[in-house]
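Have a look at entry_18.txt below; it lists compact mmCIF, C-alpha atoms.
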```txt
# COMPACT_ATOMS: atom_id res chain seq x y z
CA MET Z 1 66.78 -203.89 -97.21
CA SER Z 2 68.54 -207.14 -96.39
CA LYS Z 3 71.82 -207.36 -94.46
CA LYS Z 4 73.36 -209.01 -97.51
CA LEU Z 5 72.59 -206.00 -99.68
CA ARG Z 6 73.91 -203.59 -97.06
CA VAL Z 7 77.17 -205.52 -96.81
CA LEU Z 8 77.44 -205.58 -100.59
CA LEU Z 9 76.95 -201.83 -100.79
CA ILE Z 10 79.53 -201.14 -98.09
CA ASN Z 11 82.19 -203.58 -99.26
CA LYS Z 12 81.89 -203.07 -103.01
CA GLY Z 13 81.26 -199.33 -103.04
CA MET Z 14 78.44 -199.71 -105.57
CA ALA Z 15 77.53 -196.03 -105.79
CA THR Z 16 75.02 -196.44 -108.61
CA LEU Z 17 73.11 -199.14 -106.77
CA LEU Z 18 73.15 -197.11 -103.58
CA VAL Z 19 71.60 -194.13 -105.34
CA ALA Z 20 68.91 -196.40 -106.77
CA VAL Z 21 68.17 -197.86 -103.33
CA LEU Z 22 67.95 -194.37 -101.84
CA VAL Z 23 65.49 -193.25 -104.48
CA VAL Z 24 63.34 -196.32 -103.90
CA ALA Z 25 63.59 -195.81 -100.13
CA GLU Z 26 62.36 -192.22 -100.36
CA THR Z 27 59.38 -193.26 -102.48
CA VAL Z 28 58.44 -196.27 -100.36
CA ILE Z 29 58.73 -194.39 -97.05
CA ALA Z 30 56.58 -191.56 -98.37
CA VAL Z 31 53.90 -194.06 -99.39
CA LEU Z 32 54.06 -196.20 -96.25
CA LEU Z 33 54.11 -193.39 -93.69
CA SER Z 34 51.70 -191.00 -95.40
CA VAL Z 35 48.03 -191.29 -94.58
CA SER Z 36 45.52 -189.63 -96.87
CA LEU Z 37 42.44 -188.41 -94.97
CA MET Z 38 39.25 -186.76 -96.12
CA GLY Z 39 38.17 -183.80 -94.02
CA ASP Z 40 35.96 -180.84 -94.91
CA GLY Z 41 36.22 -181.85 -98.55
CA LYS Z 42 40.02 -181.59 -98.58
CA ASN Z 43 42.76 -184.20 -98.86
CA ILE Z 44 45.19 -183.84 -95.97
CA ALA Z 45 48.54 -185.68 -96.07
CA ILE Z 46 49.82 -186.57 -92.59
CA LEU Z 47 53.22 -188.09 -91.92
CA ASP Z 48 53.09 -189.45 -88.40
CA TYR Z 49 56.83 -189.35 -87.78
CA THR Z 50 58.77 -186.75 -85.80
CA VAL Z 51 62.42 -185.87 -86.32
CA VAL Z 52 64.25 -183.71 -83.79
CA ILE Z 53 67.14 -181.70 -85.18
CA ASP Z 54 69.62 -180.59 -82.53
CA ALA Z 55 72.02 -177.79 -83.47
CA GLY Z 56 74.95 -178.36 -81.12
CA HIS Z 57 76.37 -175.62 -78.86
CA GLY Z 58 75.17 -172.00 -78.97
CA GLY Z 59 75.48 -168.79 -76.99
CA ILE Z 60 78.78 -168.51 -75.11
CA ASP Z 61 79.52 -172.11 -76.08
CA ALA Z 62 80.85 -171.73 -79.62
CA GLY Z 63 82.05 -175.32 -79.88
CA VAL Z 64 85.22 -175.63 -81.95
CA THR Z 65 86.59 -172.67 -83.88
CA SER Z 66 88.68 -172.77 -87.05
CA ASN Z 67 91.97 -170.93 -87.47
CA ASN Z 68 90.01 -168.40 -89.53
CA GLY Z 69 87.51 -167.79 -86.74
CA THR Z 70 84.60 -169.86 -88.07
CA LYS Z 71 82.44 -170.88 -85.12
CA GLU Z 72 81.01 -174.35 -85.00
CA SER Z 73 77.83 -173.18 -83.24
CA GLU Z 74 76.89 -170.88 -86.12
CA LEU Z 75 77.49 -173.53 -88.77
CA ASN Z 76 75.58 -176.11 -86.73
CA LEU Z 77 72.51 -173.87 -86.71
CA SER Z 78 72.56 -173.20 -90.44
CA TYR Z 79 73.01 -176.90 -91.26
CA ALA Z 80 70.29 -177.90 -88.77
CA LYS Z 81 67.79 -175.51 -90.39
CA THR Z 82 68.61 -176.72 -93.90
CA LEU Z 83 68.36 -180.36 -92.82
CA GLY Z 84 65.09 -179.70 -91.04
CA GLN Z 85 63.67 -178.12 -94.17
CA TYR Z 86 64.34 -181.31 -96.12
CA PHE Z 87 62.39 -183.32 -93.58
CA ALA Z 88 59.59 -180.74 -93.49
CA ASP Z 89 59.36 -180.78 -97.30
CA GLY Z 90 59.20 -184.60 -97.11
CA GLY Z 91 56.13 -184.38 -94.87
CA PHE Z 92 57.81 -185.15 -91.56
CA ASN Z 93 57.07 -183.40 -88.29
CA VAL Z 94 60.22 -181.45 -87.44
CA LYS Z 95 61.26 -180.12 -84.04
CA TYR Z 96 64.38 -178.14 -83.20
CA THR Z 97 66.21 -177.86 -79.88
CA ARG Z 98 67.31 -174.33 -80.80
CA THR Z 99 66.46 -171.96 -83.64
CA ASP Z 100 68.68 -168.97 -82.88
CA ASP Z 101 72.27 -168.22 -81.86
CA GLY Z 102 71.57 -168.43 -78.14
CA GLY Z 103 72.21 -171.35 -75.84
CA LEU Z 104 69.61 -173.13 -73.73
CA TYR Z 105 71.31 -172.69 -70.36
CA GLY Z 106 69.63 -169.51 -69.06
CA LEU Z 107 72.24 -167.38 -67.31
CA PRO Z 108 75.88 -168.00 -68.36
CA THR Z 109 76.91 -169.03 -64.87
CA LYS Z 110 78.69 -172.07 -63.44
CA GLY Z 111 77.22 -175.32 -64.72
CA PHE Z 112 75.79 -173.71 -67.87
CA LYS Z 113 76.95 -176.57 -70.10
CA MET Z 114 75.06 -179.23 -68.16
CA ARG Z 115 71.95 -177.03 -67.97
CA ASP Z 116 72.15 -176.61 -71.72
CA MET Z 117 72.38 -180.36 -72.30
CA GLN Z 118 69.54 -181.06 -69.87
CA ALA Z 119 67.34 -178.51 -71.64
CA ARG Z 120 67.98 -180.30 -74.95
CA ARG Z 121 67.14 -183.62 -73.31
CA ASP Z 122 63.85 -182.22 -72.02
CA ILE Z 123 62.89 -180.76 -75.42
CA ILE Z 124 63.55 -184.11 -77.05
CA ALA Z 125 61.60 -186.01 -74.38
CA LYS Z 126 58.54 -183.76 -74.81
CA SER Z 127 58.67 -183.71 -78.61
CA GLY Z 128 57.33 -187.19 -79.29
CA ALA Z 129 60.45 -187.77 -81.39
CA ASP Z 130 60.98 -190.93 -83.42
CA ILE Z 131 64.63 -190.14 -84.19
CA VAL Z 132 67.13 -187.47 -83.14
CA ILE Z 133 69.92 -185.99 -85.26
CA SER Z 134 72.45 -183.78 -83.48
CA VAL Z 135 74.43 -181.59 -85.88
CA HIS Z 136 78.08 -180.73 -85.15
CA MET Z 137 81.39 -179.80 -86.77
CA ASN Z 138 84.67 -181.57 -86.09
CA LYS Z 139 88.25 -180.48 -85.43
CA TYR Z 140 91.51 -182.40 -85.26
CA PRO Z 141 94.44 -180.03 -84.70
CA TYR Z 142 97.06 -182.80 -84.90
CA ASP Z 143 96.36 -183.58 -88.55
CA SER Z 144 94.89 -180.86 -90.77
CA SER Z 145 94.40 -183.35 -93.60
CA ARG Z 146 91.56 -185.14 -91.79
CA LYS Z 147 88.28 -184.46 -93.54
CA GLY Z 148 84.80 -185.74 -94.24
CA PRO Z 149 81.55 -186.15 -92.31
CA GLN Z 150 81.32 -188.88 -89.70
CA VAL Z 151 78.42 -190.26 -87.67
CA PHE Z 152 78.45 -191.33 -84.01
CA PHE Z 153 76.00 -193.36 -81.94
CA GLN Z 154 75.56 -194.57 -78.38
CA SER Z 155 77.25 -197.86 -77.53
CA ASN Z 156 74.83 -200.78 -77.12
CA ASP Z 157 72.06 -198.96 -79.02
CA GLU Z 158 71.32 -201.24 -81.95
CA GLN Z 159 68.77 -198.93 -83.58
CA GLY Z 160 71.08 -195.96 -83.14
CA LYS Z 161 73.82 -198.01 -84.77
CA ALA Z 162 71.57 -198.93 -87.69
CA LEU Z 163 70.60 -195.28 -88.18
CA ALA Z 164 74.24 -194.17 -87.96
CA ASN Z 165 75.39 -196.80 -90.46
CA SER Z 166 72.72 -195.80 -92.98
CA VAL Z 167 73.57 -192.10 -92.74
CA GLN Z 168 77.30 -192.83 -92.91
CA LEU Z 169 76.80 -195.00 -95.98
CA ALA Z 170 75.00 -192.19 -97.77
CA LEU Z 171 77.64 -189.64 -96.71
CA ASN Z 172 80.49 -191.87 -97.89
CA ASP Z 173 78.79 -192.24 -101.25
CA MET Z 174 78.65 -188.44 -101.52
CA THR Z 175 82.26 -187.77 -100.45
CA GLY Z 176 84.08 -190.90 -101.60
CA ASN Z 177 85.40 -191.44 -98.05
CA SER Z 178 85.40 -194.76 -96.25
CA HIS Z 179 84.63 -193.56 -92.73
CA GLU Z 180 82.82 -195.86 -90.33
CA ALA Z 181 80.07 -194.84 -87.93
CA LEU Z 182 81.61 -194.92 -84.45
CA ALA Z 183 80.19 -195.89 -81.06
CA GLY Z 184 80.78 -193.93 -77.88
CA ASP Z 185 79.12 -192.37 -74.86
CA PHE Z 186 77.23 -189.18 -75.77
CA TYR Z 187 74.77 -187.37 -73.51
CA ILE Z 188 72.21 -186.58 -76.21
CA CYS Z 189 72.24 -190.17 -77.47
CA ARG Z 190 72.38 -191.76 -74.03
CA THR Z 191 69.43 -189.80 -72.64
CA SER Z 192 67.22 -190.28 -75.71
CA GLU Z 193 64.80 -193.22 -75.65
CA MET Z 194 64.60 -193.18 -79.46
CA PRO Z 195 67.43 -193.77 -81.99
CA ALA Z 196 69.79 -190.79 -81.87
CA VAL Z 197 72.97 -189.97 -83.76
CA ILE Z 198 75.54 -187.21 -83.87
CA VAL Z 199 76.60 -186.10 -87.34
CA GLU Z 200 79.97 -184.33 -87.45
CA CYS Z 201 79.57 -182.62 -90.82
CA GLY Z 202 83.26 -182.00 -91.45
CA PHE Z 203 86.56 -180.76 -90.05
CA LEU Z 204 87.08 -177.05 -89.38
CA SER Z 205 90.76 -177.89 -88.90
CA ASN Z 206 90.96 -178.64 -92.63
CA ALA Z 207 91.09 -175.29 -94.46
CA GLU Z 208 89.76 -176.74 -97.72
CA GLU Z 209 86.85 -178.47 -96.02
CA GLU Z 210 86.11 -175.35 -93.98
CA GLN Z 211 85.51 -173.44 -97.21
CA LEU Z 212 83.21 -176.21 -98.43
CA LEU Z 213 81.27 -176.17 -95.18
CA LEU Z 214 80.80 -172.41 -95.49
CA SER Z 215 79.24 -172.67 -98.95
CA ASP Z 216 75.46 -172.74 -99.38
CA GLU Z 217 75.74 -175.32 -102.15
CA TYR Z 218 77.67 -177.80 -100.01
CA ARG Z 219 75.39 -177.25 -97.01
CA ASP Z 220 72.40 -178.08 -99.17
CA LYS Z 221 74.08 -181.13 -100.68
CA LEU Z 222 75.25 -182.54 -97.36
CA SER Z 223 71.89 -181.91 -95.69
CA MET Z 224 70.11 -183.68 -98.53
CA THR Z 225 72.49 -186.62 -98.14
CA ILE Z 226 71.81 -186.93 -94.41
CA TYR Z 227 68.09 -186.89 -95.20
CA ARG Z 228 68.52 -189.64 -97.75
CA GLY Z 229 70.56 -191.66 -95.26
CA VAL Z 230 67.62 -191.52 -92.87
CA MET Z 231 65.35 -192.69 -95.70
CA LEU Z 232 67.68 -195.64 -96.17
CA TYR Z 233 67.40 -196.43 -92.46
CA LEU Z 234 63.61 -196.29 -92.49
CA TYR Z 235 63.52 -198.49 -95.57
CA SER Z 236 65.61 -201.10 -93.76
CA LEU Z 237 63.23 -201.44 -90.80
```

Rewrite the coordinates I just gave you, this time as structure tokens.
Amino acid sequence: MSKKLRVLLINKGMATLLVAVLVVAETVIAVLLSVSLMGDGKNIAILDYTVVIDAGHGGIDAGVTSNNGTKESELNLSYAKTLGQYFADGGFNVKYTRTDDGGLYGLPTKGFKMRDMQARRDIIAKSGADIVISVHMNKYPYDSSRKGPQVFFQSNDEQGKALANSVQLALNDMTGNSHEALAGDFYICRTSEMPAVIVECGFLSNAEEEQLLLSDEYRDKLSMTIYRGVMLYLYSL
């Protein structure tokens, strides 16, 4: 997709056109990346593209917690699994940094957080990943009205920025927000050789959004939207 079209979509908020582009992107990517092989008389569809889904936090590291006691780490895991299923159903190779409630740090002793992050880095490095999506929840105690998913990427990573912008564009179309993908310094993104983004799915400090985030229907909808944002990114390459 041309830069001109992307600018038009962002500036004009052309939701209908965006949906059409996403649908085309999904179809084109499936055709371009799929390879049909004949083996033992069977057709085997192979999608040679690996997505790593990183569910942030875990174990004694709960991440942020809402006023009602909702733990970010638990929501991260459920969203990561739902998102991963979308990619698996689309024919992608999917890897996870964690698949249960535990952390990756071994014993919960001093320095556990860094050990956890290093373990995630190592899993990603060994996975043969093409992109990385780290799933998180947000919190802003100074303003409980803040809401909506937002995407972050590593500063000076142009491909990470392109991936983040595509996912943010899709998320904004879903929510009606006008958030921008933001640059920063993030361990998972900085230590990944491939494009990597952090998706903060919503604010647990917003009671209304917390209830949305806890619903199966919203989790499915938001996960599907992240998936479609990645399709938009791949279509733009």

Item to check | Selection near range 209-213 of chain Z, 9 Å with all atoms listed in the file, sequence-local residues under 6 positions removed, as number ranges by chain | outcome: Z: 66, 70, 75, 147-148, 201-203, 219

Just C-alpha atoms for this one: save the residues we selected as a short mmCIF file (atom, residue, chain, number, x, y, z; two decimals), keeping the file's coordinate frame.
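Result saved to out12.cif:
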```cif
data_model
loop_
_atom_site.label_atom_id
_atom_site.label_comp_id
_atom_site.auth_asym_id
_atom_site.auth_seq_id
_atom_site.Cartn_x
_atom_site.Cartn_y
_atom_site.Cartn_z
CA SER Z 66 88.68 -172.77 -87.05
CA THR Z 70 84.60 -169.86 -88.07
CA LEU Z 75 77.49 -173.53 -88.77
CA LYS Z 147 88.28 -184.46 -93.54
CA GLY Z 148 84.80 -185.74 -94.24
CA CYS Z 201 79.57 -182.62 -90.82
CA GLY Z 202 83.26 -182.00 -91.45
CA PHE Z 203 86.56 -180.76 -90.05
CA ARG Z 219 75.39 -177.25 -97.01
#
```

Checklist entry - Taking all atoms listed in the file into account, which of Z:Ile60, Z:Ala55, Z:Met114, Z:Ile131 comes nearest Arg98 in chain Z? => result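 Of Z:Ile60, Z:Ala55, Z:Met114, Z:Ile131, the one nearest Arg98 in chain Z, counting all atoms listed in the file, is Z:Ala55.
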
Item to check | Distance in Å - CA of Pro141 in chain Z versus CA of Asn172 in chain Z | outcome: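 According to the coordinates, CA of Pro141 in chain Z and CA of Asn172 in chain Z are separated by 22.6 Å.
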
Next on the checklist: I need the residue nearest Ser166 in chain Z from this list: Z:Tyr218, Z:Tyr79, Z:Tyr235, Z:Tyr142. Use only C-alpha atoms for the distance.
Outcome noted: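 Looking only at the distances to Ser166 in chain Z, the closest residue turns out to be Z:Tyr235.
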
Item to check | For CA of Thr191 in chain Z and CA of Leu204 in chain Z, the interatomic separation in Å (one decimal) | outcome: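 Answer for the CA of Thr191 in chain Z to CA of Leu204 in chain Z separation: 27.5 Å.
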
Can you list, as an mmCIF file with C-alpha atoms, in the coordinates of the input, every protein, DNA or RNA residue that comes within 8 Å of range 153-163 of chain Z when you count all atoms listed in the file, leaving out same-chain residues fewer than 5 positions away?
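result_22.cif, written as the output of this step:
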```cif
data_model
loop_
_atom_site.group_PDB
_atom_site.id
_atom_site.type_symbol
_atom_site.label_atom_id
_atom_site.label_comp_id
_atom_site.auth_asym_id
_atom_site.auth_seq_id
_atom_site.Cartn_x
_atom_site.Cartn_y
_atom_site.Cartn_z
ATOM 1 C CA ALA Z 181 80.070 -194.840 -87.930
ATOM 2 C CA LEU Z 182 81.610 -194.920 -84.450
ATOM 3 C CA ALA Z 183 80.190 -195.890 -81.060
ATOM 4 C CA GLY Z 184 80.780 -193.930 -77.880
ATOM 5 C CA ASP Z 185 79.120 -192.370 -74.860
ATOM 6 C CA PHE Z 186 77.230 -189.180 -75.770
ATOM 7 C CA CYS Z 189 72.240 -190.170 -77.470
ATOM 8 C CA ARG Z 190 72.380 -191.760 -74.030
ATOM 9 C CA MET Z 194 64.600 -193.180 -79.460
ATOM 10 C CA PRO Z 195 67.430 -193.770 -81.990
ATOM 11 C CA ALA Z 196 69.790 -190.790 -81.870
ATOM 12 C CA VAL Z 197 72.970 -189.970 -83.760
ATOM 13 C CA ILE Z 198 75.540 -187.210 -83.870
ATOM 14 C CA GLY Z 229 70.560 -191.660 -95.260
ATOM 15 C CA VAL Z 230 67.620 -191.520 -92.870
ATOM 16 C CA TYR Z 233 67.400 -196.430 -92.460
#
```

Checklist entry - What is the CA of Val135 in chain Z to CA of Asp116 in chain Z distance in Å? => result 15.2 Å
